[in-house]
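One structure is given here, and the rest of the page talks about it.
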Amino acid sequence: MDYALANRTALVCAASKGLGRACALALAREGVSLVITGRNAETLAATAADIANKTGATIRIAPGDITTPAGRDAALSLLPDPDILINNAGGPPPGAFADFTDDMWESALNANMLTPLAMIRAVLDSMIAKKFGRIVNITSASVKSPIATLGLSNGARAGLTGAVAGLARQVARHNVTINNLLPGPFLTDRLRANASTGARPLEEELAARAAANPTGRIGDPEEFAAAAVFLCATQSGYIVGQNLLIDGGAFNSTI
Ligand SMILES: NC(=O)c1ccc[n+]([C@@H]2O[C@H](COP(=O)([O-])OP(=O)(O)OC[C@H]3O[C@@H](n4cnc5c(N)ncnc54)[C@H](OP(=O)(O)O)[C@@H]3O)[C@@H](O)[C@H]2O)c1
């Protein structure tokens, strides 16, 4: 399928590794020019070089913490009017509700609700003016089905989901779409880190998680990125305000 994205521009946040990186690579394969962000400048530069090498795409880097005004300014000064915005940031730490302090809640809300909203606010007017915009928020399966140890994530991401549900319907008439992708388990550094906190050795834990999934495996970030590209396609202007769960069928429901 031709997604008709050649010569479009995208700002992909938190994209030096994992799901963000996979989205950047998949968009680059469609001929999209990119700005990618990440805190570790060295890793970010290596990722940009790798993606450019694999795809020939133009790719610029904005090192910085996307959850800070300075990090967002660094990205937006390179590309103030992207056609595509992929919102992403690190997830909050796991823990027990009783141990979550106000600071931890504020940090989670900032990273996983207020930061994506700030990025959307910054790019929305230009998308509306040019009658094209595709915004994809990487959230989590925890929005649909809470994960007991990830209370900070459950809460902050549900807030973002609620906020954009209304906004998506307000901007759709300008051919600007806002949708959320809800990852289940995908094999990234984050998943490995979370999986290594339990009683079982990492590889055993990963094997158990894979076996418990209806597909019998953990997701490949490239599969996640394929869905992101689909939502960004020129032809996807009628997909508005949706929450697409990509979890191998782990969430058990009939519809
Ligand atoms: N993988 C899964 O199975 C899964 C499932 C559900 C939800 N999620 C969520 O999806 C998101 C991406 O997860 P992932 O698995 O791809 O994580 P990952 O493999 O750890 O990659 C995270 C990427 O984001 C960058 N990053 C993190 N915090 C940042 C910040 N404040 N500013 C700029 N860049 C930042 C990291 O680079 P630097 O460290 O250099 O900044 C890295 O490039 C997270 O919010 C995670 O909670 C993932």
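FYI, nothing fancy with the structure tokens labels: chains A, B, ... in order, residues from 1 per chain, ligands from 1 as they appear.
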
Exercise: Arg169 (chain A) partners within 12 Å, only C-alpha atoms, chain neighbours under 4 positions left out, as an mmCIF file with all heavy atoms, in the first residue's frame:
```
data_model
loop_
_atom_site.group_PDB
_atom_site.id
_atom_site.type_symbol
_atom_site.label_atom_id
_atom_site.label_comp_id
_atom_site.auth_asym_id
_atom_site.auth_seq_id
_atom_site.Cartn_x
_atom_site.Cartn_y
_atom_site.Cartn_z
ATOM 1 N N GLY A 162 -8.317 10.933 27.813
ATOM 2 C CA GLY A 162 -9.550 11.709 27.965
ATOM 3 C C GLY A 162 -9.439 13.077 27.309
ATOM 4 O O GLY A 162 -10.362 13.529 26.607
ATOM 5 N N ALA A 163 -8.306 13.718 27.484
ATOM 6 C CA ALA A 163 -8.137 15.070 26.944
ATOM 7 C C ALA A 163 -8.188 15.074 25.417
ATOM 8 O O ALA A 163 -8.824 15.939 24.808
ATOM 9 C CB ALA A 163 -6.810 15.655 27.434
ATOM 10 N N VAL A 164 -7.533 14.102 24.784
ATOM 11 C CA VAL A 164 -7.498 14.131 23.325
ATOM 12 C C VAL A 164 -8.777 13.556 22.696
ATOM 13 O O VAL A 164 -9.029 13.791 21.512
ATOM 14 C CB VAL A 164 -6.241 13.445 22.723
ATOM 15 C CG1 VAL A 164 -4.990 14.138 23.188
ATOM 16 C CG2 VAL A 164 -6.212 11.956 23.005
ATOM 17 N N ALA A 165 -9.558 12.839 23.479
ATOM 18 C CA ALA A 165 -10.804 12.286 22.925
ATOM 19 C C ALA A 165 -11.701 13.416 22.418
ATOM 20 O O ALA A 165 -12.265 13.346 21.317
ATOM 21 C CB ALA A 165 -11.525 11.452 23.979
ATOM 22 N N ARG A 173 -12.263 18.097 11.277
ATOM 23 C CA ARG A 173 -12.782 18.744 10.063
ATOM 24 C C ARG A 173 -11.686 19.469 9.276
ATOM 25 O O ARG A 173 -11.906 19.874 8.133
ATOM 26 C CB ARG A 173 -13.928 19.697 10.392
ATOM 27 C CG ARG A 173 -13.567 20.938 11.173
ATOM 28 C CD ARG A 173 -14.811 21.729 11.546
ATOM 29 N NE ARG A 173 -15.784 20.883 12.228
ATOM 30 C CZ ARG A 173 -16.993 20.586 11.725
ATOM 31 N NH1 ARG A 173 -17.357 21.072 10.569
ATOM 32 N NH2 ARG A 173 -17.813 19.819 12.399
ATOM 33 N N HIS A 174 -10.529 19.631 9.885
ATOM 34 C CA HIS A 174 -9.385 20.251 9.193
ATOM 35 C C HIS A 174 -8.418 19.200 8.652
ATOM 36 O O HIS A 174 -7.282 19.525 8.308
ATOM 37 C CB HIS A 174 -8.643 21.191 10.149
ATOM 38 C CG HIS A 174 -9.538 22.238 10.740
ATOM 39 N ND1 HIS A 174 -10.026 23.292 10.005
ATOM 40 C CD2 HIS A 174 -10.053 22.365 11.989
ATOM 41 C CE1 HIS A 174 -10.809 24.037 10.784
ATOM 42 N NE2 HIS A 174 -10.840 23.501 11.993
ATOM 43 N N ASN A 175 -8.847 17.960 8.615
ATOM 44 C CA ASN A 175 -7.976 16.850 8.185
ATOM 45 C C ASN A 175 -6.767 16.700 9.113
ATOM 46 O O ASN A 175 -5.676 16.344 8.690
ATOM 47 C CB ASN A 175 -7.532 17.010 6.722
ATOM 48 C CG ASN A 175 -6.844 15.762 6.188
ATOM 49 O OD1 ASN A 175 -7.080 14.654 6.667
ATOM 50 N ND2 ASN A 175 -5.954 15.941 5.231
ATOM 51 N N VAL A 176 -7.004 17.024 10.377
ATOM 52 C CA VAL A 176 -5.997 16.761 11.409
ATOM 53 C C VAL A 176 -6.571 15.655 12.292
ATOM 54 O O VAL A 176 -7.664 15.801 12.839
ATOM 55 C CB VAL A 176 -5.726 18.026 12.261
ATOM 56 C CG1 VAL A 176 -4.765 17.702 13.401
ATOM 57 C CG2 VAL A 176 -5.175 19.145 11.383
ATOM 58 N N THR A 177 -5.850 14.540 12.359
ATOM 59 C CA THR A 177 -6.348 13.437 13.179
ATOM 60 C C THR A 177 -5.448 13.234 14.400
ATOM 61 O O THR A 177 -4.233 13.442 14.338
ATOM 62 C CB THR A 177 -6.409 12.114 12.382
ATOM 63 O OG1 THR A 177 -5.079 11.694 12.067
ATOM 64 C CG2 THR A 177 -7.231 12.263 11.125
ATOM 65 N N ILE A 178 -6.093 12.853 15.476
ATOM 66 C CA ILE A 178 -5.367 12.485 16.699
ATOM 67 C C ILE A 178 -5.862 11.104 17.124
ATOM 68 O O ILE A 178 -7.064 10.901 17.313
ATOM 69 C CB ILE A 178 -5.618 13.483 17.846
ATOM 70 C CG1 ILE A 178 -5.372 14.929 17.385
ATOM 71 C CG2 ILE A 178 -4.727 13.147 19.052
ATOM 72 C CD1 ILE A 178 -5.670 15.988 18.452
ATOM 73 N N ASN A 179 -4.927 10.174 17.207
ATOM 74 C CA ASN A 179 -5.246 8.811 17.638
ATOM 75 C C ASN A 179 -4.190 8.317 18.621
ATOM 76 O O ASN A 179 -3.076 8.859 18.663
ATOM 77 C CB ASN A 179 -5.294 7.876 16.419
ATOM 78 C CG ASN A 179 -6.464 8.187 15.501
ATOM 79 O OD1 ASN A 179 -7.622 7.930 15.827
ATOM 80 N ND2 ASN A 179 -6.167 8.756 14.331
ATOM 81 N N GLY A 237 -7.608 9.892 7.047
ATOM 82 C CA GLY A 237 -8.230 11.079 7.621
ATOM 83 C C GLY A 237 -9.571 10.840 8.305
ATOM 84 O O GLY A 237 -10.066 11.726 9.005
ATOM 85 N N TYR A 238 -10.152 9.651 8.106
ATOM 86 C CA TYR A 238 -11.456 9.367 8.724
ATOM 87 C C TYR A 238 -11.302 8.512 9.980
ATOM 88 O O TYR A 238 -12.276 8.079 10.574
ATOM 89 C CB TYR A 238 -12.352 8.671 7.694
ATOM 90 C CG TYR A 238 -13.828 8.999 7.824
ATOM 91 C CD1 TYR A 238 -14.290 10.312 7.688
ATOM 92 C CD2 TYR A 238 -14.764 7.998 8.081
ATOM 93 C CE1 TYR A 238 -15.638 10.614 7.810
ATOM 94 C CE2 TYR A 238 -16.117 8.291 8.196
ATOM 95 C CZ TYR A 238 -16.549 9.596 8.061
ATOM 96 O OH TYR A 238 -17.892 9.885 8.175
ATOM 97 N N ILE A 239 -10.051 8.245 10.359
ATOM 98 C CA ILE A 239 -9.800 7.501 11.614
ATOM 99 C C ILE A 239 -9.492 8.546 12.681
ATOM 100 O O ILE A 239 -8.424 9.161 12.679
ATOM 101 C CB ILE A 239 -8.628 6.515 11.457
ATOM 102 C CG1 ILE A 239 -8.881 5.548 10.296
ATOM 103 C CG2 ILE A 239 -8.420 5.728 12.752
ATOM 104 C CD1 ILE A 239 -7.730 4.585 10.020
ATOM 105 N N VAL A 240 -10.452 8.772 13.538
ATOM 106 C CA VAL A 240 -10.400 9.938 14.433
ATOM 107 C C VAL A 240 -10.634 9.521 15.885
ATOM 108 O O VAL A 240 -11.618 8.838 16.189
ATOM 109 C CB VAL A 240 -11.474 10.969 14.003
ATOM 110 C CG1 VAL A 240 -11.610 12.091 15.029
ATOM 111 C CG2 VAL A 240 -11.142 11.533 12.631
ATOM 112 N N GLY A 241 -9.729 9.906 16.750
ATOM 113 C CA GLY A 241 -9.941 9.726 18.184
ATOM 114 C C GLY A 241 -10.003 8.269 18.619
ATOM 115 O O GLY A 241 -10.676 7.938 19.600
ATOM 116 N N GLN A 242 -9.277 7.409 17.916
ATOM 117 C CA GLN A 242 -9.337 5.984 18.235
ATOM 118 C C GLN A 242 -8.190 5.570 19.162
ATOM 119 O O GLN A 242 -7.147 6.212 19.214
ATOM 120 C CB GLN A 242 -9.291 5.155 16.950
ATOM 121 C CG GLN A 242 -10.473 5.410 16.036
ATOM 122 C CD GLN A 242 -11.806 5.141 16.736
ATOM 123 O OE1 GLN A 242 -12.075 4.025 17.152
ATOM 124 N NE2 GLN A 242 -12.633 6.181 16.887
#
```

**OP:** With a distance cut-off of 9 Å and only C-alpha atoms, select the neighbouring residues of Ile66 (chain A), excluding the residue or stretch itself and same-chain residues fewer than 2 positions from it, and output the selection as number ranges by chain.
**Re:** A: 13-14, 37-39, 63-64, 68-75, 88-89, 111, 115

Subject >> For ligand 1, the nearest of the candidates A:Met127, A:Ala62, A:Ala141, A:Leu150, counting only C-alpha atoms and all ligand atoms >> reply: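 Closest residue, counting only C-alpha atoms and all ligand atoms: A:Ala141.
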
**OP:** Return as JSON, numbers by chain the residues of protein, DNA or RNA that approach ligand 1 to within 8 Å, with only C-alpha atoms and all ligand atoms taken into account.
**Re:** {"A": [13, 14, 15, 16, 17, 18, 19, 20, 21, 37, 38, 39, 40, 41, 43, 44, 63, 64, 65, 66, 67, 68, 71, 88, 89, 90, 91, 92, 111, 112, 138, 139, 140, 141, 142, 153, 182, 183, 184, 185, 186, 187, 188, 189, 190, 191, 219, 221]}

Original post:
Can you tell me, as a list in words, what residues are no more than 9 Å from Met119 (chain A) when counting only C-alpha atoms, ignoring any on the same chain fewer than 3 positions away?
Top reply: Arg72, Leu76, Leu85, Asn87, Leu114, Thr115, Pro116, Ala122, Val123 and Leu124 of chain A

Save the residues we just selected, all heavy atoms, as a CSV table (one decimal), in the first residue's frame?
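Saved the output as again.csv:
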```csv
chain,number,residue,atom,x,y,z
A,72,ARG,N,11.5,20.4,24.5
A,72,ARG,CA,10.5,20.6,23.5
A,72,ARG,C,10.9,21.7,22.5
A,72,ARG,O,10.7,21.6,21.3
A,72,ARG,CB,9.1,20.9,24.2
A,72,ARG,CG,8.6,19.8,24.9
A,72,ARG,CD,7.1,20.0,25.4
A,72,ARG,NE,7.0,20.9,26.5
A,72,ARG,CZ,7.1,20.6,27.8
A,72,ARG,NH1,7.4,19.3,28.1
A,72,ARG,NH2,6.9,21.5,28.7
A,76,LEU,N,11.1,21.6,18.5
A,76,LEU,CA,10.2,22.5,17.7
A,76,LEU,C,10.9,23.6,17.0
A,76,LEU,O,10.4,24.0,15.9
A,76,LEU,CB,9.1,23.1,18.7
A,76,LEU,CG,8.1,22.1,19.2
A,76,LEU,CD1,7.4,22.6,20.4
A,76,LEU,CD2,7.1,21.6,18.1
A,85,LEU,N,3.1,14.2,14.0
A,85,LEU,CA,3.7,14.3,15.4
A,85,LEU,C,3.5,12.9,16.0
A,85,LEU,O,2.4,12.5,16.2
A,85,LEU,CB,3.1,15.4,16.2
A,85,LEU,CG,3.4,15.4,17.7
A,85,LEU,CD1,4.9,15.7,17.9
A,85,LEU,CD2,2.5,16.4,18.5
A,87,ASN,N,3.9,11.4,19.6
A,87,ASN,CA,4.2,11.7,21.0
A,87,ASN,C,4.6,10.5,21.7
A,87,ASN,O,3.9,9.5,21.7
A,87,ASN,CB,3.0,12.3,21.6
A,87,ASN,CG,2.9,13.8,21.5
A,87,ASN,OD1,3.9,14.5,21.7
A,87,ASN,ND2,1.7,14.4,21.3
A,114,LEU,N,0.9,15.9,30.2
A,114,LEU,CA,1.1,17.3,29.9
A,114,LEU,C,2.1,17.5,28.8
A,114,LEU,O,1.9,18.4,27.9
A,114,LEU,CB,1.6,18.1,31.2
A,114,LEU,CG,0.6,18.0,32.4
A,114,LEU,CD1,1.1,18.8,33.6
A,114,LEU,CD2,-0.8,18.5,32.0
A,115,THR,N,3.1,16.7,28.7
A,115,THR,CA,4.1,16.9,27.6
A,115,THR,C,3.5,16.6,26.2
A,115,THR,O,3.6,17.5,25.3
A,115,THR,CB,5.3,16.0,27.8
A,115,THR,OG1,6.1,16.6,28.9
A,115,THR,CG2,6.2,16.0,26.6
A,116,PRO,N,2.8,15.5,26.0
A,116,PRO,CA,2.1,15.3,24.7
A,116,PRO,C,1.1,16.4,24.4
A,116,PRO,O,1.0,16.9,23.3
A,116,PRO,CB,1.5,14.0,24.8
A,116,PRO,CG,1.7,13.5,26.2
A,116,PRO,CD,2.7,14.3,26.9
A,122,ALA,N,1.5,23.0,20.4
A,122,ALA,CA,2.5,23.8,19.6
A,122,ALA,C,2.4,23.6,18.1
A,122,ALA,O,2.7,24.5,17.3
A,122,ALA,CB,3.9,23.3,20.1
A,123,VAL,N,1.9,22.4,17.7
A,123,VAL,CA,1.8,22.1,16.2
A,123,VAL,C,0.5,22.2,15.6
A,123,VAL,O,0.3,22.2,14.4
A,123,VAL,CB,2.4,20.7,15.9
A,123,VAL,CG1,3.9,20.6,16.5
A,123,VAL,CG2,1.6,19.6,16.5
A,124,LEU,N,-0.6,22.3,16.4
A,124,LEU,CA,-1.9,22.2,15.9
A,124,LEU,C,-2.3,23.3,15.0
A,124,LEU,O,-2.9,23.0,13.9
A,124,LEU,CB,-2.9,22.2,17.1
A,124,LEU,CG,-4.2,21.4,17.0
A,124,LEU,CD1,-4.1,20.1,16.4
A,124,LEU,CD2,-4.9,21.4,18.3
```

**OP:** Determine the nearest neighbour of Leu117 (chain A) from the options A:Arg217, A:Arg157, A:Arg8, A:Arg192, counting only C-alpha atoms.
**Re:**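 Checking each of A:Arg217, A:Arg157, A:Arg8, A:Arg192 against Leu117 (chain A), counting only C-alpha atoms, the winner is A:Arg157.
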